[in-house]
Amino acid sequence: MMLALGVSGYGGEEGLGYMASMFHLFTHAMFKALLFLGAGSIIHAVHSNLMQDMGGLRKYLPITHITFLIACLTISGVPPFSGFFSKDEILVAALHHNKLLFAVEFIVAGLTAFYMFRLYFNVFWGKDRHYHHTPHESPLTMTIPLMFLAFASIFSGFIPFHSLVTSDKMHFATEMNFAVAIPSVLIGLLGIAMAWILYKKESVAPEKLSKSFGILYTATYNKFYFDEIYLFVTKKIIFNYISRPVAWFDRHIVDGFMVGIGTVTEKVSYRIKGMQSGQLQHYAFMFVAGALALALVMILM
Amino acid sequence: MNILTLLIVVPVLTMAGILFTKDMKSTRMVSAIGMGIQLIVSAVLVFMYLGARKAGASDEMLFVADYTWFKSLNIHYTIGVDGIAVAMIMLTGIVVFAGIFASWEMEYLTREFFISLILLATGVFGFFISIDLFTMFLFYEVAVIPMYLLIGIWGSGPKESSAMKLTLMLMGGSALLMVGIFGIYFNSAPDGGPLTFNILEISKIQIPVEAQRFFFPFTFIGFGILGALFPFHTWSPDGHASAPTAVSMLHAGVLMKLGGYGAFRVAMFLMPEAAHEQAWIFIILTSISVVYGAFGAIWQKDLKYINAYSSVSHCGLVLFALLMMNETAMDGGILQMISHGLMTALFFALIGMIYGRTHTRNINEMGGLMKVIPFLSVVYVIAGLASLGLPGLSGFVAEMTVFVGAFQHPDIFHRVVTIVAASSIVITAVYILRVVGILLLGPVKNPHFEHLNDAKWYEKLSMITLVLAIAGIGIAPLWLSNTILDSLKPIVEKLAMAVTF
Amino acid sequence: MSIEQFYFMRHELVLTLAIIILLIAEIATSDKNKKKLIPFSIWLFGIVTIVGFIPSQGGELFGGSYQSSALTDLMKNILNIGVFIIFLQAEGWLKRDETADRISEYFLLTLATLIGMNFMISAGDFLIFYIGIETATIPIAGLAAFDKIRSRSAEAGIKLILSSALSSGVLLFGLSLIYGVTGSIYFTDIAQTITSNSMVALGFIFFVSGMGFKISLVPFHFWTADVYEGAPINVTSYLSVISKGAASFIFVIILFTVFKSITEMWKPLIYTLAVFTMTIANLFALRQNNIKRFLAFSSIAQAGFLLLGILGTSDLGMSSVVYFVLVYVFTNLGAFGVVEAISNASGVETIDGYNGLYKTNPKLSLLMTLSLFSLAGIPPVAGFFGKFFLFTAAASSGYFILVLIAVLNATISLYYYLKVIRAMFIEKSENPVATFRSSNYMRVALVICVTGIFAVGFASGIFEIIREISSAFLN
């Protein structure tokens, strides 16, 4: 999605990227929301958010199942769902802009389709797990939004977005670029097929695959250790090595300086107390000394 | 009577009314009614202002009234407002109103408390309507001094020393400011003629650049101290932490805005050449403020300290934006003042209410509050989200505008500081979410907390007022932004004219 | 010399008359009725004050030795108002049994010094000036030692008389040097012939030293704290307000008229004195716990601020000084009035002793707060305006750095003023000053002070009148 913004320029031909990103943002909102709500509905049903605890849920959660499937198809860019249209336009924009970006985007699209359907097959197909109590469909308050969003995911791709949103208020026509559309659908379908082969039925294939990929699989399994890195950065670096010194510096140096002005003033006040001795001869001495000092001031100035 | 003078008269009458009350209930009723009327007057002023502009009034300031005060020194009581002042007045009206309800249960010396609080508010209102530097300065000090009593008497923790530190540092600021004002006054007629304190008149002439160079830092730092400019911000954490709820609200929400407002209306508007010359120093200082405040907030465990440092960061952003000296950034800076005023007031109100229930402000002693006091917790989340700049709430609009404006400068220096300052958004997210996580989610840490009561009606009233304002600006920022932009034009033009270096 | 010309001297003449009436009244009243002399004297002085307000044309008498103008009338009237307030405040203190037999002495001595001050202000030559200043000083030593059973009071008296003897000597020496150079003691003659040379400079320094003693400028201030602390509070307030005010008046008049042509010479001198006076006095005031000593140092610091007005060297400078003294009269007498009322009722004279005062005596605490804020120069009370105009005057001569030093000093002074306020409002106390009701005279006095503290600032007319009179005087 951010990619789209990245390839977008402003105005003219280049405005395509801008429009595409807005369009994708819009459709993305639909199906991503749908996915999250669907996930929520599943978690609600099985009281877990680990995929190992799920399987064969299509029987128990028919509505969730269908809507989730729609969301997955949309995100994989299968026509005629909305994701297809918006993603297509991003790819077109990317192609205009930079071939390498297009390639990356292209592969990512395939991966997306793969992991989404891996999720889908794992959760809704596969074999039943030992549920503590039989999962049941979520109440209407949860399914109605699901259905509405599914509806939107299907049809929002037909909105003539390119004439509504432009970066320079100039409409420009886009046509289906089949040279881009067909490969992109194909790679989506490929991803789905991979997932189907690997995860539709319980099989050893994924195990083998994961072993053959070795480190990469472990790394991906752990989300490339992003969480750990994040925690390391916040907890260790920001907290301990930046915030703590900053807080200390603020307390002791900056504030210490401000308080120090006050303390020094008090100290000086204490030091000069001796001048006020109460003895009249000292006062007389200071008086005359003061007059002489004034004379000095006058001479010097 | 001029509607602006009414903004002074209503609080003064309220204070007089409080003198005649006998017990706590009647005192707070009188205060609430008085500040309610004040809120209405502020709202009416907003509509009158927008109406007048729509009808084609093109003067820089509207509703101007001018009374000679000290004739021989050409000191006037001159009042008038532009869009910025109107917005600030509305902000003050809202925060003061919410503040009264946030201190509904003030039992110790109730009358004195409300009188001091309203006196503070009077100073703030007076400051925003002033065009004359003398009256402006007078109201400025009227607003600062009650803080000592408010924190010293009704505060908590090391209240005496915090109150003293706050008062002395702010008065030190006003000392610098006074020199700056004299500098402006005695250079206000370089071609002869009567000297003047009137901002609009001074803005028509050019103060000699030599004088500007000398007096700009005085004026800017003088106001900057109140705006928590690094390294003069240290009064703020201690002061806020010790202050009672309503005072923190008013102080962080409104009083600190006096600094930002004065910085551009007096320092930059009247001395644009020096502002351009010396901007880089203050831009560096304010970028430090922004990031430093955010980092400082992460390490704190006391809710009020977190918010106080966050205020340092946000108010630093206000000054940062103003120093960018282009229309967009300054617009953002003023939006940020308003946005920060509202959400920080909301924060402090919430912290006060949570503290009133849990009797601790240490985040590590709390947890799972979402389960026991859901209303307060949800509002806390809203305040937090506004603070970290979630779209749809006021903070996003403001910060976005600031950074967009700041990025319009093509040179490396501005780019770098903008990126540095913008990084604070991430840090802000870290500390806000961390606090939300520790404070509201998870299991209830202390068994006593199971029996806490959720917000009372007056607390809800206080919070809802603020939340509505925050969401209102977030959802429909354009009218506010446009009003401010209109009024910014003369200032930006004057600043732009001064670019000769 | 005609009868009308005596009318110029109405302040002095009416005062003399009042003194004679008091002497007769003292003889006429029996020992039992002595206390009735208090209200009698107060109202008698009230009449004197009112008479002083009758306007008159200015003029010269005795060949220029005595000068009267709108400005001198104004100055005398300001002093009269102050003395009237002090008399009102004195009632509670005088009616105690140990001072009952000396009531008329108090009034007579005070009025005698006031006559001295009036002559000093109206002086047209250095002789009258010197006589006035001595008349104004010596009886005060008697007043300072008024509580003669208290050794501190007696000490204050002797300290005052000895150090003022020194200062008078130095002052006289300075005057004689100036006379030696210019050959005249008349102000107008000196103003015309004086030029800046080293002899004049020396004479001027001794003159400033002598005056610095009266106004208590650092380093000629050392007597102040001891005498203020030892003397009865009422006398302390007289010293700090009236005595100092009168000396400031004549100081500014002489600097602006007699030494006008050597302005550039004395400016650095006054600059230096101002910086030292403000700073040193503030540093001393920080650590005081005795409220009288505290107010003593505070009043020294105020004198330092006053010098800023003198540096204005224009009608703005002069009017700011006169205006500041007017503000100072109400402000300081408000503060001293509270101190005196509390001291009379409970004997408490320390800042710690004021802990929890607001609980027991809210009105007095509020009044004290107002006075202290006014001393610190916080709006919207009169002290703010007073200070602001002084600083404006200094800034008009281009002394911005000095103004900065002064405002920073004002910030330091705020610290110790707030300490008193903290004691009254924030600190808790086991045994605070018990609730009491001060006498009606004291209440009237305090009401006048409060009115003054508010009105003198807001009513811009007062400053405008002073400004007009000052510029008329200088031209």
# chains A, B, ... in the order shown; residues from 1 in each chain; ligands from 1
>>> residues_around(residues="Asn362 (chain B)", least_positions_apart="4", cutoff="8 Å", atoms="only C-alpha atoms", output="number ranges by chain")
B: 301-303, 366
>>> residues_around(residues="Ala71 (chain A)", least_positions_apart="2", cutoff="7 Å", atoms="only C-alpha atoms", output="number ranges by chain")
A: 31, 34-35, 67-69, 73-75, 150
>>> interface_residues(of="chain A", to="chain B", cutoff="12 Å", atoms="only C-alpha atoms", output="PyMOL selection string")
chain A and resi 230-231+233-263
>>> residues_around(residues="region 438-453 of chain B", least_positions_apart="4", cutoff="9 Å", atoms="only C-alpha atoms", output="list in words")
Arg357, Thr358, Ile363, Asn364, Glu365, Met366, Gly367, Gly368, Leu369, Met370, Lys371, Val372, Ile373, Pro374, Ser377, Val378, Tyr380, Val381, Leu433 and Arg434 of chain B
>>> closest_atom_pairs(of="chain C", to="chain A", cutoff="9 Å", atoms="only C-alpha atoms", output="tab-separated table")
residue	atom	partner	partner_atom	distance
C:Lys159	CA	A:Leu280	CA	6.9
C:Leu162	CA	A:Leu280	CA	8.2
C:Ser163	CA	A:Ala284	CA	7.0
C:Leu166	CA	A:Ala284	CA	7.4
C:Ser167	CA	A:Phe287	CA	8.3
C:Val170	CA	A:Val288	CA	8.9
C:Ser198	CA	A:Ile299	CA	8.7
C:Ala201	CA	A:Met298	CA	7.7
C:Leu202	CA	A:Ala295	CA	6.9
C:Ile205	CA	A:Ala291	CA	6.6
C:Phe206	CA	A:Ala291	CA	6.8
C:Val208	CA	A:Ala291	CA	8.5
C:Ser209	CA	A:Ala291	CA	6.1
C:Phe213	CA	A:Phe287	CA	8.6
C:Val218	CA	A:Gly290	CA	8.1
C:Pro219	CA	A:Gly290	CA	5.5
C:Phe220	CA	A:Phe287	CA	5.2
C:His221	CA	A:Phe287	CA	8.3
C:Phe222	CA	A:Tyr283	CA	5.8
C:Trp223	CA	A:Tyr283	CA	7.1
C:Ala225	CA	A:Gln276	CA	8.4
C:Asp226	CA	A:Gly278	CA	6.8
C:Met265	CA	A:Met298	CA	7.7
C:Trp266	CA	A:Met298	CA	8.0
C:Pro268	CA	A:Met301	CA	7.1
C:Leu269	CA	A:Met298	CA	6.6
C:Thr272	CA	A:Val297	CA	8.0
C:Leu273	CA	A:Leu294	CA	8.4
C:Ile280	CA	A:Ser269	CA	8.3
C:Asn282	CA	A:Ser269	CA	8.5
C:Leu283	CA	A:Ser269	CA	4.7
C:Phe284	CA	A:Ser269	CA	5.7
C:Ala285	CA	A:Ser269	CA	8.3
C:Leu286	CA	A:Ser269	CA	6.9
C:Arg287	CA	A:Ser269	CA	7.0
C:Ile412	CA	A:Gly262	CA	8.9
>>> residues_around(residues="Ser138 (chain A)", least_positions_apart="4", cutoff="7 Å", atoms="only C-alpha atoms", output="VMD selection string")
chain A and resid 41 45 142 to 143
>>> write_last_selection(atoms="N, CA, C and O atoms", output="JSON list (two decimals), in the first residue's frame")
[["chain", "number", "residue", "atom", "x", "y", "z"],
["A", 41, "SER", "N", -14.20, -12.99, 15.02],
["A", 41, "SER", "CA", -15.30, -13.92, 15.15],
["A", 41, "SER", "C", -14.79, -15.34, 15.44],
["A", 41, "SER", "O", -15.34, -16.06, 16.27],
["A", 45, "ALA", "N", -15.09, -17.67, 18.78],
["A", 45, "ALA", "CA", -15.68, -19.01, 18.75],
["A", 45, "ALA", "C", -14.79, -20.02, 19.47],
["A", 45, "ALA", "O", -15.30, -20.87, 20.21],
["A", 142, "MET", "N", -22.20, -9.53, 15.35],
["A", 142, "MET", "CA", -20.89, -9.69, 14.74],
["A", 142, "MET", "C", -20.99, -10.09, 13.28],
["A", 142, "MET", "O", -20.14, -9.69, 12.47],
["A", 143, "THR", "N", -21.99, -10.85, 12.95],
["A", 143, "THR", "CA", -22.04, -11.33, 11.57],
["A", 143, "THR", "C", -22.54, -10.27, 10.61],
["A", 143, "THR", "O", -22.14, -10.25, 9.45]]
>>> interface_residues(of="chain C", to="chain B", cutoff="7 Å", atoms="only C-alpha atoms", output="VMD selection string")
chain C and resid 378 to 380 392 395 to 396 400 403 to 404 407 to 408 411 415 425 to 426 460 464
>>> write_last_selection(atoms="all heavy atoms", output="short mmCIF file (atom, residue, chain, number, x, y, z; two decimals), in the first residue's frame")
data_model
loop_
_atom_site.label_atom_id
_atom_site.label_comp_id
_atom_site.auth_asym_id
_atom_site.auth_seq_id
_atom_site.Cartn_x
_atom_site.Cartn_y
_atom_site.Cartn_z
N ILE C 378 3.88 43.44 41.70
CA ILE C 378 3.00 42.52 40.99
C ILE C 378 1.70 43.23 40.66
O ILE C 378 1.11 43.87 41.53
CB ILE C 378 2.67 41.31 41.88
CG1 ILE C 378 3.95 40.62 42.34
CG2 ILE C 378 1.76 40.34 41.16
CD1 ILE C 378 4.72 39.98 41.25
N PRO C 379 1.23 43.17 39.43
CA PRO C 379 -0.05 43.79 39.12
C PRO C 379 -1.19 42.99 39.74
O PRO C 379 -1.00 41.82 40.05
CB PRO C 379 -0.12 43.71 37.59
CG PRO C 379 0.74 42.57 37.23
CD PRO C 379 1.82 42.51 38.28
N PRO C 380 -2.36 43.56 39.91
CA PRO C 380 -2.74 44.90 39.47
C PRO C 380 -2.59 45.95 40.55
O PRO C 380 -3.21 47.01 40.46
CB PRO C 380 -4.22 44.70 39.14
CG PRO C 380 -4.69 43.69 40.13
CD PRO C 380 -3.52 42.83 40.47
N THR C 392 10.71 52.48 33.30
CA THR C 392 10.53 53.21 32.04
C THR C 392 11.48 54.40 32.01
O THR C 392 12.12 54.69 30.99
CB THR C 392 9.09 53.73 31.92
OG1 THR C 392 8.20 52.69 32.28
CG2 THR C 392 8.79 54.17 30.51
N ALA C 395 14.91 53.23 31.37
CA ALA C 395 15.05 52.77 29.98
C ALA C 395 15.06 53.95 29.03
O ALA C 395 15.71 53.91 27.98
CB ALA C 395 13.91 51.81 29.64
N SER C 396 14.35 55.02 29.39
CA SER C 396 14.31 56.18 28.49
C SER C 396 15.69 56.81 28.37
O SER C 396 15.98 57.50 27.42
CB SER C 396 13.29 57.20 28.99
OG SER C 396 13.81 57.88 30.10
N PHE C 400 19.21 49.85 29.56
CA PHE C 400 18.45 48.61 29.50
C PHE C 400 19.06 47.52 30.36
O PHE C 400 18.35 46.72 30.97
CB PHE C 400 18.32 48.15 28.05
CG PHE C 400 17.41 49.02 27.25
CD1 PHE C 400 17.90 49.97 26.39
CD2 PHE C 400 16.04 48.89 27.39
CE1 PHE C 400 17.05 50.77 25.66
CE2 PHE C 400 15.18 49.70 26.67
CZ PHE C 400 15.70 50.65 25.81
N VAL C 403 18.04 48.06 33.80
CA VAL C 403 16.66 47.63 33.98
C VAL C 403 16.61 46.12 34.14
O VAL C 403 15.89 45.60 35.00
CB VAL C 403 15.78 48.07 32.79
CG1 VAL C 403 14.41 47.44 32.87
CG2 VAL C 403 15.66 49.57 32.76
N LEU C 404 17.41 45.42 33.36
CA LEU C 404 17.44 43.96 33.48
C LEU C 404 17.90 43.55 34.87
O LEU C 404 17.28 42.71 35.53
CB LEU C 404 18.36 43.36 32.41
CG LEU C 404 18.44 41.84 32.45
CD1 LEU C 404 17.10 41.24 32.08
CD2 LEU C 404 19.51 41.33 31.54
N VAL C 407 15.02 44.21 37.25
CA VAL C 407 13.89 43.28 37.24
C VAL C 407 14.30 41.91 37.77
O VAL C 407 13.50 41.23 38.42
CB VAL C 407 13.20 43.13 35.87
CG1 VAL C 407 12.05 44.06 35.78
CG2 VAL C 407 14.14 43.36 34.72
N LEU C 408 15.55 41.53 37.50
CA LEU C 408 15.99 40.26 38.08
C LEU C 408 16.03 40.37 39.60
O LEU C 408 15.66 39.44 40.31
CB LEU C 408 17.37 39.88 37.53
CG LEU C 408 17.34 39.43 36.06
CD1 LEU C 408 18.74 39.11 35.57
CD2 LEU C 408 16.44 38.22 35.88
N THR C 411 12.77 39.92 40.92
CA THR C 411 12.42 38.51 41.00
C THR C 411 12.96 37.89 42.28
O THR C 411 12.27 37.12 42.96
CB THR C 411 12.98 37.76 39.79
OG1 THR C 411 12.65 38.48 38.62
CG2 THR C 411 12.42 36.38 39.70
N TYR C 415 11.03 36.31 45.87
CA TYR C 415 11.27 35.09 46.64
C TYR C 415 11.03 35.33 48.12
O TYR C 415 10.32 34.59 48.78
CB TYR C 415 12.70 34.60 46.38
CG TYR C 415 13.13 33.48 47.29
CD1 TYR C 415 12.64 32.20 47.10
CD2 TYR C 415 14.01 33.71 48.34
CE1 TYR C 415 13.02 31.17 47.93
CE2 TYR C 415 14.40 32.68 49.17
CZ TYR C 415 13.90 31.42 48.96
OH TYR C 415 14.28 30.40 49.80
N PHE C 425 -0.08 31.56 54.56
CA PHE C 425 -1.12 30.78 53.89
C PHE C 425 -0.87 29.28 53.91
O PHE C 425 -1.81 28.51 53.98
CB PHE C 425 -1.27 31.22 52.44
CG PHE C 425 -1.97 32.52 52.29
CD1 PHE C 425 -1.28 33.71 52.34
CD2 PHE C 425 -3.35 32.56 52.11
CE1 PHE C 425 -1.94 34.92 52.22
CE2 PHE C 425 -4.00 33.76 51.99
CZ PHE C 425 -3.30 34.95 52.04
N ILE C 426 0.41 28.89 53.80
CA ILE C 426 0.66 27.48 53.54
C ILE C 426 1.11 26.74 54.79
O ILE C 426 0.63 25.66 55.09
CB ILE C 426 1.72 27.34 52.43
CG1 ILE C 426 1.19 28.01 51.16
CG2 ILE C 426 2.01 25.88 52.15
CD1 ILE C 426 2.19 28.11 50.06
N SER C 460 -5.18 56.59 36.68
CA SER C 460 -4.02 57.12 35.98
C SER C 460 -3.89 58.62 36.19
O SER C 460 -2.81 59.18 36.03
CB SER C 460 -4.15 56.82 34.49
OG SER C 460 -5.36 57.36 34.02
N GLU C 464 -0.64 61.31 36.09
CA GLU C 464 -0.62 62.41 35.12
C GLU C 464 -0.41 63.74 35.81
O GLU C 464 0.35 64.60 35.34
CB GLU C 464 -1.92 62.43 34.31
CG GLU C 464 -2.13 61.21 33.43
CD GLU C 464 -1.01 61.00 32.43
OE1 GLU C 464 -0.42 62.00 32.00
OE2 GLU C 464 -0.71 59.84 32.12
#
>>> atom_distance(atom1="CA of Gly260 (chain B)", atom2="CA of Gly227 (chain B)")
5.7 Å
>>> atom_distance(atom1="CA of Ser196 (chain C)", atom2="CA of Ala165 (chain C)")
28.2 Å
